[in-house]
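Below is the file model_4.txt, which contains compact mmCIF, C-alpha atoms and all ligand atoms.
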# COMPACT_ATOMS: atom_id res chain seq x y z
CA MET A 724 -4.02 11.74 -10.26
CA LEU A 725 -7.67 12.82 -10.47
CA PRO A 726 -10.26 13.13 -7.70
CA SER A 727 -12.06 9.89 -6.81
CA THR A 728 -15.40 9.04 -5.25
CA THR A 729 -16.07 5.40 -6.15
CA ILE A 730 -13.12 3.06 -5.92
CA VAL A 731 -12.72 -0.64 -6.70
CA ILE A 732 -9.74 -2.06 -4.82
CA LYS A 733 -8.33 -5.38 -5.99
CA ILE A 734 -6.14 -7.27 -3.53
CA GLY A 735 -3.93 -10.02 -5.00
CA SER A 736 -3.34 -13.38 -3.28
CA ASN A 737 0.27 -12.48 -2.55
CA VAL A 738 -0.68 -9.39 -0.62
CA LEU A 739 -2.69 -11.53 1.79
CA THR A 740 -0.17 -14.33 2.19
CA GLN A 741 3.28 -14.54 3.73
CA ALA A 742 6.27 -15.94 1.84
CA ASN A 743 5.62 -19.35 3.45
CA GLY A 744 2.06 -19.34 2.07
CA LEU A 745 0.33 -18.79 5.40
CA PRO A 746 -2.35 -16.09 5.53
CA ASP A 747 -0.93 -12.71 6.50
CA LEU A 748 -3.57 -11.59 8.99
CA HIS A 749 -1.56 -8.59 10.08
CA ARG A 750 -1.49 -7.27 6.47
CA MET A 751 -5.19 -7.99 6.04
CA GLY A 752 -5.99 -6.09 9.22
CA HIS A 753 -3.86 -3.14 8.15
CA LEU A 754 -5.61 -2.99 4.77
CA VAL A 755 -9.05 -3.16 6.37
CA ASP A 756 -8.11 -0.28 8.72
CA GLN A 757 -7.06 1.78 5.70
CA VAL A 758 -10.18 0.91 3.70
CA MET A 759 -12.18 2.24 6.64
CA LYS A 760 -10.17 5.48 6.45
CA LEU A 761 -11.11 5.80 2.78
CA LYS A 762 -14.74 5.32 3.75
CA ALA A 763 -14.41 7.89 6.52
CA ALA A 764 -13.06 10.29 3.86
CA GLY A 765 -16.36 9.85 2.00
CA LYS A 766 -15.27 7.34 -0.65
CA LYS A 767 -17.48 4.49 -1.81
CA VAL A 768 -15.34 1.37 -1.86
CA VAL A 769 -15.82 -2.15 -3.28
CA LEU A 770 -13.22 -4.81 -2.65
CA VAL A 771 -12.29 -7.53 -5.14
CA SER A 772 -10.24 -9.93 -3.06
CA SER A 773 -8.26 -12.96 -4.15
CA GLY A 774 -6.97 -15.41 -1.58
CA ALA A 775 -9.48 -18.27 -1.44
CA VAL A 776 -7.14 -20.81 -3.04
CA ALA A 777 -4.13 -19.57 -1.06
CA PHE A 778 -6.06 -19.79 2.23
CA GLY A 779 -7.56 -23.20 1.36
CA ARG A 780 -4.18 -24.65 0.44
CA GLN A 781 -3.03 -24.11 4.03
CA LYS A 782 -5.92 -26.04 5.56
CA ALA A 783 -6.84 -28.79 3.11
CA PHE A 784 -3.87 -31.07 2.49
CA LEU A 785 -4.54 -33.00 -0.69
CA PRO A 786 -2.74 -35.90 -2.39
CA GLU A 787 -0.06 -34.67 -4.82
CA LYS A 788 -1.58 -36.73 -7.64
CA LEU A 789 -5.14 -35.38 -7.30
CA ASN A 790 -6.53 -33.80 -10.48
CA PRO A 791 -5.49 -30.08 -10.42
CA VAL A 792 -9.05 -28.97 -11.17
CA PHE A 793 -10.36 -30.83 -8.11
CA LYS A 794 -7.53 -29.38 -6.05
CA LYS A 795 -8.46 -25.84 -7.06
CA GLN A 796 -12.14 -26.46 -6.38
CA ILE A 797 -11.47 -27.94 -2.95
CA TRP A 798 -9.03 -25.22 -1.95
CA ALA A 799 -11.27 -22.44 -3.24
CA SER A 800 -14.41 -23.78 -1.55
CA THR A 801 -12.69 -24.36 1.80
CA GLY A 802 -10.52 -21.23 1.57
CA GLN A 803 -13.28 -18.76 0.64
CA ILE A 804 -14.99 -19.41 3.99
CA GLN A 805 -11.78 -18.64 5.84
CA LEU A 806 -11.04 -15.58 3.74
CA ILE A 807 -14.48 -14.05 4.23
CA ASN A 808 -14.56 -14.97 7.95
CA ARG A 809 -11.25 -13.16 8.44
CA TYR A 810 -12.65 -10.12 6.66
CA GLN A 811 -15.79 -10.30 8.75
CA ASP A 812 -13.78 -10.37 12.01
CA LEU A 813 -11.61 -7.48 10.88
CA PHE A 814 -14.44 -5.27 9.61
CA GLU A 815 -16.55 -6.07 12.68
CA LYS A 816 -13.94 -4.36 14.84
CA HIS A 817 -14.93 -1.18 13.00
CA GLY A 818 -18.64 -1.95 13.32
CA GLN A 819 -18.80 -2.50 9.55
CA THR A 820 -21.13 -5.13 8.04
CA ILE A 821 -19.81 -6.92 4.95
CA ALA A 822 -21.37 -8.84 2.07
CA GLN A 823 -19.85 -11.63 -0.03
CA ILE A 824 -20.46 -11.65 -3.78
CA LEU A 825 -19.19 -14.63 -5.77
CA VAL A 826 -19.48 -14.28 -9.53
CA THR A 827 -18.70 -16.04 -12.79
CA LYS A 828 -17.86 -14.85 -16.27
CA GLU A 829 -21.36 -15.89 -17.33
CA ASP A 830 -22.78 -13.20 -15.03
CA PHE A 831 -21.06 -10.53 -17.13
CA ARG A 832 -22.19 -12.05 -20.43
CA ASP A 833 -25.87 -12.02 -19.62
CA ARG A 834 -27.24 -8.47 -19.38
CA LYS A 835 -29.92 -9.50 -16.84
CA HIS A 836 -27.39 -11.12 -14.51
CA TYR A 837 -25.16 -8.12 -15.07
CA LEU A 838 -27.83 -5.65 -14.05
CA ASN A 839 -28.85 -7.80 -11.06
CA MET A 840 -25.25 -7.80 -9.88
CA LYS A 841 -24.86 -4.07 -10.45
CA ASN A 842 -28.12 -3.29 -8.63
CA CYS A 843 -27.13 -5.53 -5.73
CA ILE A 844 -23.75 -3.83 -5.26
CA GLU A 845 -25.35 -0.40 -5.52
CA ALA A 846 -28.01 -1.36 -2.95
CA LEU A 847 -25.31 -2.67 -0.58
CA LEU A 848 -23.35 0.56 -0.92
CA GLN A 849 -26.46 2.61 -0.27
CA GLN A 850 -27.11 0.64 2.92
CA ASP A 851 -23.48 1.10 3.95
CA ILE A 852 -22.76 -2.64 3.70
CA PHE A 853 -19.29 -3.32 2.39
CA PRO A 854 -19.21 -5.61 -0.72
CA ILE A 855 -16.36 -8.10 -1.10
CA VAL A 856 -16.25 -9.75 -4.53
CA ASN A 857 -14.39 -12.86 -5.67
CA GLU A 858 -14.72 -15.33 -8.51
CA ASN A 859 -16.89 -18.35 -7.78
CA ASP A 860 -13.91 -20.65 -8.35
CA THR A 861 -15.79 -23.87 -7.65
CA VAL A 862 -17.91 -23.61 -10.79
CA THR A 863 -15.61 -21.67 -13.10
CA ILE A 864 -13.33 -24.14 -14.78
CA THR A 865 -11.14 -23.60 -17.89
CA GLU A 866 -12.98 -21.48 -20.47
CA LEU A 867 -15.50 -20.29 -17.88
CA MET A 868 -12.75 -18.72 -15.77
CA PHE A 869 -11.78 -15.05 -15.68
CA THR A 870 -8.16 -14.65 -16.74
CA ASP A 871 -7.70 -13.64 -13.11
CA ASN A 872 -9.15 -11.27 -10.54
CA ASP A 873 -7.58 -8.29 -12.29
CA GLU A 874 -10.03 -8.93 -15.11
CA LEU A 875 -12.87 -9.31 -12.60
CA ALA A 876 -11.84 -6.05 -10.89
CA GLY A 877 -11.82 -4.19 -14.23
CA LEU A 878 -15.26 -5.55 -15.10
CA THR A 879 -16.58 -4.62 -11.64
CA ALA A 880 -15.20 -1.09 -11.86
CA ALA A 881 -16.88 -0.59 -15.25
CA MET A 882 -20.12 -2.14 -13.99
CA ILE A 883 -20.55 0.15 -10.98
CA ASN A 884 -19.29 3.24 -12.82
CA ALA A 885 -16.28 3.56 -10.53
CA ASP A 886 -13.94 6.44 -11.31
CA THR A 887 -10.93 4.68 -9.80
CA LEU A 888 -9.47 1.17 -9.90
CA MET A 889 -6.70 0.37 -7.43
CA ILE A 890 -4.80 -2.86 -8.10
CA LEU A 891 -2.79 -3.90 -5.07
CA SER A 892 -0.04 -6.38 -5.83
CA ASN A 893 3.36 -7.16 -4.33
CA VAL A 894 5.22 -4.63 -6.52
CA HIS A 895 5.00 -0.82 -6.69
CA GLY A 896 3.74 -0.93 -10.26
CA ILE A 897 5.13 -1.66 -13.72
CA PHE A 898 8.91 -1.46 -13.98
CA THR A 899 11.12 -1.16 -17.05
CA GLY A 900 12.42 -4.67 -16.30
CA ASN A 901 12.42 -7.28 -13.58
CA PRO A 902 11.27 -5.33 -10.47
CA GLU A 903 13.95 -7.08 -8.41
CA ASN A 904 16.69 -5.74 -10.63
CA PRO A 905 17.99 -2.44 -9.13
CA SER A 906 18.46 -0.93 -12.60
CA SER A 907 14.72 -1.32 -13.39
CA GLN A 908 12.74 1.87 -13.01
CA LEU A 909 9.14 2.35 -11.99
CA ILE A 910 6.93 3.68 -14.80
CA GLU A 911 4.95 6.30 -12.90
CA LYS A 912 2.53 7.44 -15.56
CA VAL A 913 0.90 5.69 -18.53
CA GLN A 914 -0.79 8.13 -20.88
CA VAL A 915 -3.21 7.59 -23.70
CA ASN A 916 -1.00 7.89 -26.73
CA MET A 917 2.15 6.46 -25.19
CA PRO A 918 3.88 3.54 -26.93
CA GLU A 919 2.98 0.11 -25.53
CA ILE A 920 4.95 -0.76 -22.44
CA ASN A 921 4.19 -4.50 -22.46
CA GLN A 922 7.68 -5.10 -23.89
CA TYR A 923 8.99 -4.56 -20.34
CA ILE A 924 6.68 -7.07 -18.74
CA SER A 925 7.79 -10.66 -18.35
CA ALA A 926 5.40 -13.59 -17.95
CA SER A 927 6.78 -14.24 -14.47
CA LYS A 928 4.35 -14.00 -11.57
CA SER A 929 4.53 -14.03 -7.83
CA SER A 930 4.25 -17.43 -6.17
CA PHE A 931 0.47 -17.42 -5.60
CA GLY A 932 -0.71 -15.08 -8.37
CA ARG A 933 -2.66 -16.31 -11.40
CA GLY A 934 -2.44 -13.77 -14.19
CA GLY A 935 0.78 -11.80 -13.71
CA MET A 936 1.59 -8.23 -14.71
CA LEU A 937 0.54 -8.65 -18.35
CA THR A 938 -3.13 -9.05 -17.48
CA LYS A 939 -2.89 -6.17 -15.01
CA TYR A 940 -1.52 -3.97 -17.81
CA ALA A 941 -4.16 -5.08 -20.33
CA MET A 942 -6.99 -4.54 -17.86
CA ALA A 943 -5.60 -1.22 -16.65
CA LYS A 944 -5.35 0.07 -20.23
CA LYS A 945 -8.86 -1.03 -21.07
CA SER A 946 -10.25 0.55 -17.90
CA ALA A 947 -8.40 3.82 -18.60
CA ASP A 948 -9.89 3.81 -22.13
CA LEU A 949 -13.33 3.62 -20.53
CA GLY A 950 -12.59 6.64 -18.35
CA ILE A 951 -11.44 4.94 -15.13
CA GLN A 952 -8.13 6.03 -13.61
CA VAL A 953 -6.05 3.01 -12.56
CA PHE A 954 -3.33 2.68 -9.94
CA ILE A 955 -1.09 -0.38 -9.67
CA ALA A 956 0.57 -0.21 -6.25
CA ASN A 957 2.21 -2.32 -3.58
CA GLY A 958 -0.36 -3.68 -1.14
CA LYS A 959 2.44 -5.03 1.03
CA ASN A 960 3.59 -1.51 1.81
CA ASP A 961 2.39 0.01 5.07
CA GLY A 962 0.04 2.93 4.54
CA VAL A 963 -0.50 2.30 0.82
CA LEU A 964 -4.11 3.53 0.87
CA GLU A 965 -3.33 6.46 3.14
CA ALA A 966 -0.64 7.49 0.65
CA PHE A 967 -3.32 7.28 -2.05
CA LEU A 968 -5.53 9.58 0.02
CA ASP A 969 -2.82 12.19 0.59
CA GLY A 970 -1.50 12.00 -2.98
CA SER A 971 1.95 10.63 -2.09
CA LEU A 972 1.44 7.10 -3.45
CA ARG A 973 4.37 5.47 -5.27
CA CYS A 974 2.70 3.58 -8.09
CA THR A 975 1.99 3.27 -11.81
CA TRP A 976 -0.92 5.55 -12.69
CA PHE A 977 -2.99 5.16 -15.88
CA GLU A 978 -4.49 8.39 -17.10
CA PRO A 979 -8.18 7.95 -17.93
CA GLN A 980 -9.87 8.97 -21.17
CA LYS A 981 -13.32 10.55 -21.23
CA GLN A 982 -15.95 8.45 -19.34
CA LYS A 983 -18.02 6.19 -21.66
CA GLN A 984 -21.76 5.62 -21.17
CA ALA A 985 -22.68 2.65 -18.95
CA PRO A 986 -24.01 0.25 -21.67
CA LYS A 987 -20.91 0.92 -23.76
CA LYS A 988 -18.74 -0.02 -20.78
CA TRP A 989 -20.56 -3.32 -20.48
CA LEU A 990 -19.98 -3.98 -24.17
CA ALA A 991 -16.36 -2.86 -24.18
CA HIS A 992 -15.48 -5.81 -21.99
CA GLY A 993 -17.46 -8.17 -24.23
CA SER A 994 -14.63 -9.37 -26.50
CA HIS A 995 -14.57 -12.69 -24.68
CA TYR A 996 -18.24 -12.83 -23.89
CA TYR A 997 -20.08 -12.57 -27.19
CA LYS A 998 -22.61 -15.23 -28.13
CA GLY A 999 -22.92 -14.66 -31.88
CA GLU A 1000 -21.36 -12.83 -34.81
CA VAL A 1001 -22.84 -10.51 -37.44
CA PHE A 1002 -21.10 -9.84 -40.73
CA ILE A 1003 -21.91 -6.46 -42.24
CA ASN A 1004 -21.61 -5.20 -45.81
CA ASP A 1005 -19.42 -2.28 -46.89
CA GLY A 1006 -22.31 0.22 -46.89
CA ALA A 1007 -23.17 -0.63 -43.28
CA LYS A 1008 -19.50 -0.47 -42.29
CA GLU A 1009 -19.18 2.98 -43.79
CA SER A 1010 -22.33 4.11 -42.04
CA LEU A 1011 -21.34 2.74 -38.61
CA THR A 1012 -17.84 4.16 -38.73
CA SER A 1013 -18.92 7.60 -39.97
CA THR A 1014 -19.21 10.49 -37.51
CA VAL A 1015 -23.01 10.36 -37.63
CA ILE A 1016 -24.68 8.30 -34.89
CA ARG A 1017 -26.31 5.24 -36.49
CA SER A 1018 -27.73 1.87 -35.47
CA LEU A 1019 -27.09 -1.35 -37.40
CA LEU A 1020 -30.11 -2.26 -39.56
CA PRO A 1021 -30.80 -5.77 -40.95
CA ILE A 1022 -30.36 -4.42 -44.52
CA GLY A 1023 -26.63 -3.98 -43.77
CA VAL A 1024 -26.13 -7.52 -42.46
CA SER A 1025 -24.93 -10.18 -44.89
CA ARG A 1026 -24.92 -13.13 -42.47
CA VAL A 1027 -25.08 -14.09 -38.80
CA GLU A 1028 -23.34 -16.92 -36.99
CA GLY A 1029 -24.02 -18.65 -33.69
CA GLU A 1030 -27.11 -19.08 -31.57
CA PHE A 1031 -28.06 -16.06 -29.52
CA SER A 1032 -31.04 -14.51 -27.75
CA LYS A 1033 -32.25 -10.93 -27.63
CA GLY A 1034 -29.97 -9.06 -25.21
CA ASP A 1035 -26.83 -11.14 -25.86
CA ILE A 1036 -23.55 -9.60 -26.99
CA LEU A 1037 -22.68 -9.88 -30.69
CA LEU A 1038 -19.32 -9.41 -32.36
CA ILE A 1039 -19.53 -7.31 -35.53
CA ARG A 1040 -17.23 -8.17 -38.44
CA ASP A 1041 -16.91 -6.66 -41.90
CA GLU A 1042 -17.11 -8.79 -45.05
CA LYS A 1043 -13.40 -9.62 -44.83
CA GLY A 1044 -13.92 -10.88 -41.29
CA GLU A 1045 -12.17 -7.95 -39.62
CA LYS A 1046 -13.53 -7.14 -36.16
CA ILE A 1047 -15.42 -3.83 -36.11
CA GLY A 1048 -17.05 -3.77 -32.69
CA LEU A 1049 -19.59 -5.26 -30.33
CA GLY A 1050 -23.28 -4.70 -29.83
CA ARG A 1051 -26.33 -5.96 -28.00
CA ALA A 1052 -28.70 -8.11 -30.07
CA GLU A 1053 -32.20 -6.69 -30.49
CA TYR A 1054 -33.31 -10.00 -32.08
CA SER A 1055 -32.66 -13.66 -31.36
CA SER A 1056 -30.52 -15.48 -33.95
CA LYS A 1057 -33.70 -17.12 -35.30
CA SER A 1058 -35.43 -13.77 -35.95
CA ALA A 1059 -32.18 -12.22 -37.18
CA LEU A 1060 -31.85 -14.94 -39.83
CA GLU A 1061 -35.37 -14.13 -41.07
CA LYS A 1062 -34.72 -10.36 -41.18
CA ILE A 1063 -31.22 -9.99 -42.61
CA GLY A 1064 -30.98 -8.12 -45.91
CA GLN A 1065 -34.51 -6.74 -45.49
CA ARG A 1066 -35.50 -3.07 -45.55
CA GLN A 1067 -37.68 -1.28 -43.02
CA GLN A 1068 -36.91 -3.53 -40.11
CA LYS A 1069 -36.04 -2.45 -36.59
CA ALA A 1070 -32.30 -2.20 -35.88
CA ILE A 1071 -30.50 -5.42 -35.04
CA ILE A 1072 -28.10 -3.37 -32.86
CA HIS A 1073 -29.24 -0.04 -31.45
CA TYR A 1074 -26.69 2.76 -31.35
CA ASN A 1075 -26.92 3.02 -27.53
CA TYR A 1076 -25.70 -0.56 -27.34
CA LEU A 1077 -22.99 -0.35 -29.97
CA TYR A 1078 -19.30 -0.23 -29.14
CA LEU A 1079 -16.84 0.22 -32.00
CA PHE A 1080 -13.20 -0.78 -31.67
CA ASP A 1081 -10.64 1.95 -32.09
CA HIS A 1082 -7.82 -0.04 -33.56
CA GLU A 1083 -8.60 -3.75 -33.39
N1 LIG B 1101 7.84 -5.23 -15.77
C1 LIG B 1101 7.31 -5.69 -14.63
N2 LIG B 1101 7.03 -4.84 -13.61
C2 LIG B 1101 6.48 -5.28 -12.46
N3 LIG B 1101 6.17 -6.57 -12.20
C3 LIG B 1101 6.42 -7.49 -13.17
C4 LIG B 1101 6.99 -7.09 -14.43
N4 LIG B 1101 7.13 -8.19 -15.19
C5 LIG B 1101 6.66 -9.24 -14.45
N5 LIG B 1101 6.23 -8.84 -13.24
C6 LIG B 1101 5.70 -9.75 -12.20
O1 LIG B 1101 4.30 -9.56 -11.95
C7 LIG B 1101 4.03 -9.94 -10.60
C8 LIG B 1101 2.65 -9.44 -10.13
O2 LIG B 1101 1.63 -10.20 -10.75
P1 LIG B 1101 0.87 -11.40 -9.95
O3 LIG B 1101 1.85 -12.41 -9.52
O4 LIG B 1101 -0.25 -11.89 -10.80
O5 LIG B 1101 0.35 -10.63 -8.64
P2 LIG B 1101 -1.07 -10.65 -7.85
O6 LIG B 1101 -1.10 -11.87 -6.99
O7 LIG B 1101 -0.98 -9.38 -7.05
O8 LIG B 1101 -2.20 -10.61 -8.84
C9 LIG B 1101 5.20 -9.32 -9.85
O9 LIG B 1101 5.43 -9.91 -8.60
C10 LIG B 1101 6.38 -9.53 -10.83
O10 LIG B 1101 7.06 -10.72 -10.51
N1 LIG B 1102 -10.30 -16.40 -7.13
C1 LIG B 1102 -8.93 -16.76 -6.83
C2 LIG B 1102 -8.01 -15.64 -7.25
C3 LIG B 1102 -7.15 -15.98 -8.41
C4 LIG B 1102 -6.34 -14.74 -8.87
O1 LIG B 1102 -6.66 -14.08 -9.83
O2 LIG B 1102 -5.29 -14.46 -8.03
P1 LIG B 1102 -4.38 -13.13 -8.15
O3 LIG B 1102 -3.61 -13.18 -9.45
O4 LIG B 1102 -3.50 -13.23 -6.94
O5 LIG B 1102 -5.30 -11.96 -8.05
C5 LIG B 1102 -8.77 -16.95 -5.32
O6 LIG B 1102 -9.50 -16.31 -4.54
O7 LIG B 1102 -7.90 -17.72 -4.93

If you convert what's in this file into structure tokens, what do you get?
Amino acid sequence: MLPSTTIVIKIGSNVLTQANGLPDLHRMGHLVDQVMKLKAAGKKVVLVSSGAVAFGRQKAFLPEKLNPVFKKQIWASTGQIQLINRYQDLFEKHGQTIAQILVTKEDFRDRKHYLNMKNCIEALLQQDIFPIVNENDTVTITELMFTDNDELAGLTAAMINADTLMILSNVHGIFTGNPENPSSQLIEKVQVNMPEINQYISASKSSFGRGGMLTKYAMAKKSADLGIQVFIANGKNDGVLEAFLDGSLRCTWFEPQKQKQAPKKWLAHGSHYYKGEVFINDGAKESLTSTVIRSLLPIGVSRVEGEFSKGDILLIRDEKGEKIGLGRAEYSSKSALEKIGQRQQKAIIHYNYLYLFDHE
């Protein structure tokens, strides 16, 4: 475990609900008390909290046959008010003002939205207002949805340059088998060059969760690659955050690699958010993957696909179609089409906004 100053804490739906599905206000209160202890210890904290759908489900009784998308929208829109009101009551007891931030995947795709979000969270933290983030579930349907809030928490941690991501679920971490099986053991440490441990993870999830342990693992690995240490721990355990503070936390810890620069962190999460594709020739591939720092020039581009604007994320492929990396477009697709193959043109992707895959 490494020192931490800025922490994103993700709380799963199951942590905030009882087995019968009713909100667990006692647990919520206990977590808020502990978050305040982290703040008192000088940590900057941002919360990514699930629970809108779970809270809404308890209040809005809907016909069984209603379209599942409408159900989710109704539960999320009614439940988010309850969720945030509960937080407000609980934080108010500590004299702490809170802010609600509801976001969509689109906000991470568009660099302007991304920077607006980042600046807003940073301004809130500076003013000592506590940000609570959730997905805007009423507008994010099917392909617009985050896989789950674990993905949103990973993106948020990268966005605000957090050094620590704490994922609170209803298990102590990743086990070598079903966590309910007494022979399964907790994997305490995940290090960079360790073999994949996803073989141990089953697709099963807790009753109110969306993504399951597989997305937690994928997001934790990605965040660790970007230099963020990740803890997966049991938010249902009393004193979980105090144990984090005193170093006695029982959890799965992901060792971080060296911190990446901020624009590269934005791009690293862009695999699902790119707007267009650029295909590069062998010479450009060699140049980009060499040890010398280089931008991608139009002369190295053989074709572009998709409609994109300046500032959008592009996926870079080689001539065989293999994925090489991601970058921020310096041209719109219209200008790029005019410039490809030409010499002495400004880079289509500047090095500062280029992220190359390690082994994809
Ligand atoms: N190898 C494993 N170790 C730990 N949990 C696992 C494993 N395989 C599957 N799981 C399941 O993942 C669940 C946690 O994911 P999820 O239900 O999405 O929680 P949350 O609501 O906190 O996001 C656990 O309750 C457990 O049932
Ligand atoms: N935005 C949804 C959260 C969905 C989700 O990812 O849930 P979980 O897997 O419990 O973190 C809600 O507030 O209900």

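With CA of Leu909 in chain A on one side and CA of Ala880 in chain A on the other, the separation reads 24.6 Å.
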
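Minimum distance to ligand LIG 1101 (chain B) across A:Lys1062, A:Arg1040, A:His753, A:Lys939 (counting all atoms listed in the file) occurs at A:Lys939.
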
Identify, counting all atoms listed in the file, the protein, DNA and RNA residues located within 8 Å of ligand LIG 1102 (chain B), and give them as a VMD selection string. chain A and resid 733 to 738 772 to 778 799 802 to 803 857 to 860 869 to 873 892 931 to 935

Correct to one decimal, the distance CA of Phe1080 in chain A-CA of Phe954 in chain A is 24.1 Å

Mind checking which residues fall within 8 Å of Ala1070 in chain A, counting all atoms listed in the file, ignoring those fewer than 2 positions away in the same chain, and posting them as an mmCIF file with C-alpha atoms, keeping the file's coordinate frame?
data_model
loop_
_atom_site.group_PDB
_atom_site.id
_atom_site.type_symbol
_atom_site.label_atom_id
_atom_site.label_comp_id
_atom_site.auth_asym_id
_atom_site.auth_seq_id
_atom_site.Cartn_x
_atom_site.Cartn_y
_atom_site.Cartn_z
ATOM 1 C CA SER A 1018 -27.730 1.870 -35.470
ATOM 2 C CA LEU A 1019 -27.090 -1.350 -37.400
ATOM 3 C CA LEU A 1020 -30.110 -2.260 -39.560
ATOM 4 C CA PRO A 1021 -30.800 -5.770 -40.950
ATOM 5 C CA GLU A 1053 -32.200 -6.690 -30.490
ATOM 6 C CA GLN A 1068 -36.910 -3.530 -40.110
ATOM 7 C CA ILE A 1072 -28.100 -3.370 -32.860
ATOM 8 C CA HIS A 1073 -29.240 -0.040 -31.450
#

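Interatomic distance, CA of Ala1052 in chain A to CA of Gly1034 in chain A: 5.1 Å.
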
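Those residues that approach Glu978 in chain A to within 7 Å, counting all atoms listed in the file, are Val913, Gln914, Val915, Ala947 and Gln952 of chain A; same-chain residues fewer than 3 positions away are not listed.
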
Can you pull out the residues contacting Asn901 in chain A? Cut-off 8 Å, using all atoms listed in the file, and skip same-chain residues under 4 positions away; I want them as an MDAnalysis selection string. chainID A and resid 907 924:925

Tell me which protein, DNA and RNA residues are within 12 Å of Val862 in chain A, counting all atoms listed in the file, leaving out same-chain ones fewer than 5 positions away, and put them as a PyMOL selection string. chain A and resi 792-793+795-797+799-800+825-829+867-869

Ligand LIG 1101 (chain B), all listed atoms, 5 Å padding on each side: what axis-aligned box centre and edge lengths in Å to one decimal come out, as lines of an AutoDock Vina configuration file?
center_x = 2.8
center_y = -8.6
center_z = -11.4
size_x = 20.0
size_y = 17.6
size_z = 18.8

Let me make sure I understand: among A:Glu911, A:Asp1081, A:Asp1005, A:Glu1045, which one has the smallest atom-to-atom distance to Ala991 in chain A if we use all atoms listed in the file? A:Asp1081

Neighbours of Ser971 in chain A within 12 Å (only C-alpha atoms; same-chain residues fewer than 4 positions away dropped), as a list in words? Met724, Ala956, Gly962, Val963, Leu964, Glu965, Ala966 and Phe967 of chain A

Please save C-alpha atoms of the selected residues as a PDB file, in the frame of the given file.
ATOM      1  CA  MET A 724      -4.020  11.740 -10.260  1.00  0.00           C
ATOM      2  CA  ALA A 956       0.570  -0.210  -6.250  1.00  0.00           C
ATOM      3  CA  GLY A 962       0.040   2.930   4.540  1.00  0.00           C
ATOM      4  CA  VAL A 963      -0.500   2.300   0.820  1.00  0.00           C
ATOM      5  CA  LEU A 964      -4.110   3.530   0.870  1.00  0.00           C
ATOM      6  CA  GLU A 965      -3.330   6.460   3.140  1.00  0.00           C
ATOM      7  CA  ALA A 966      -0.640   7.490   0.650  1.00  0.00           C
ATOM      8  CA  PHE A 967      -3.320   7.280  -2.050  1.00  0.00           C
TER       9      PHE A 967
END

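You can rank A:Glu874, A:Glu1028, A:Glu1042, A:Asp969 by their closest distance to Leu761 in chain A using only C-alpha atoms, and at the top of that list sits A:Asp969.
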
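Nearest residue to Arg780 in chain A, choosing from A:Lys959, A:Lys1043, A:Lys794, A:Lys987 and counting all atoms listed in the file: A:Lys794.
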
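Distance check against ligand LIG 1101 (chain B) using only C-alpha atoms and all ligand atoms: of A:Ile1016, A:Val731, A:Ala926, A:Ala985, the minimum falls on A:Ala926.
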
Which one is closest to ligand LIG 1101 (chain B): A:Met917, A:Val894, A:Ile1036, A:Leu972? Count only C-alpha atoms and all ligand atoms. A:Val894
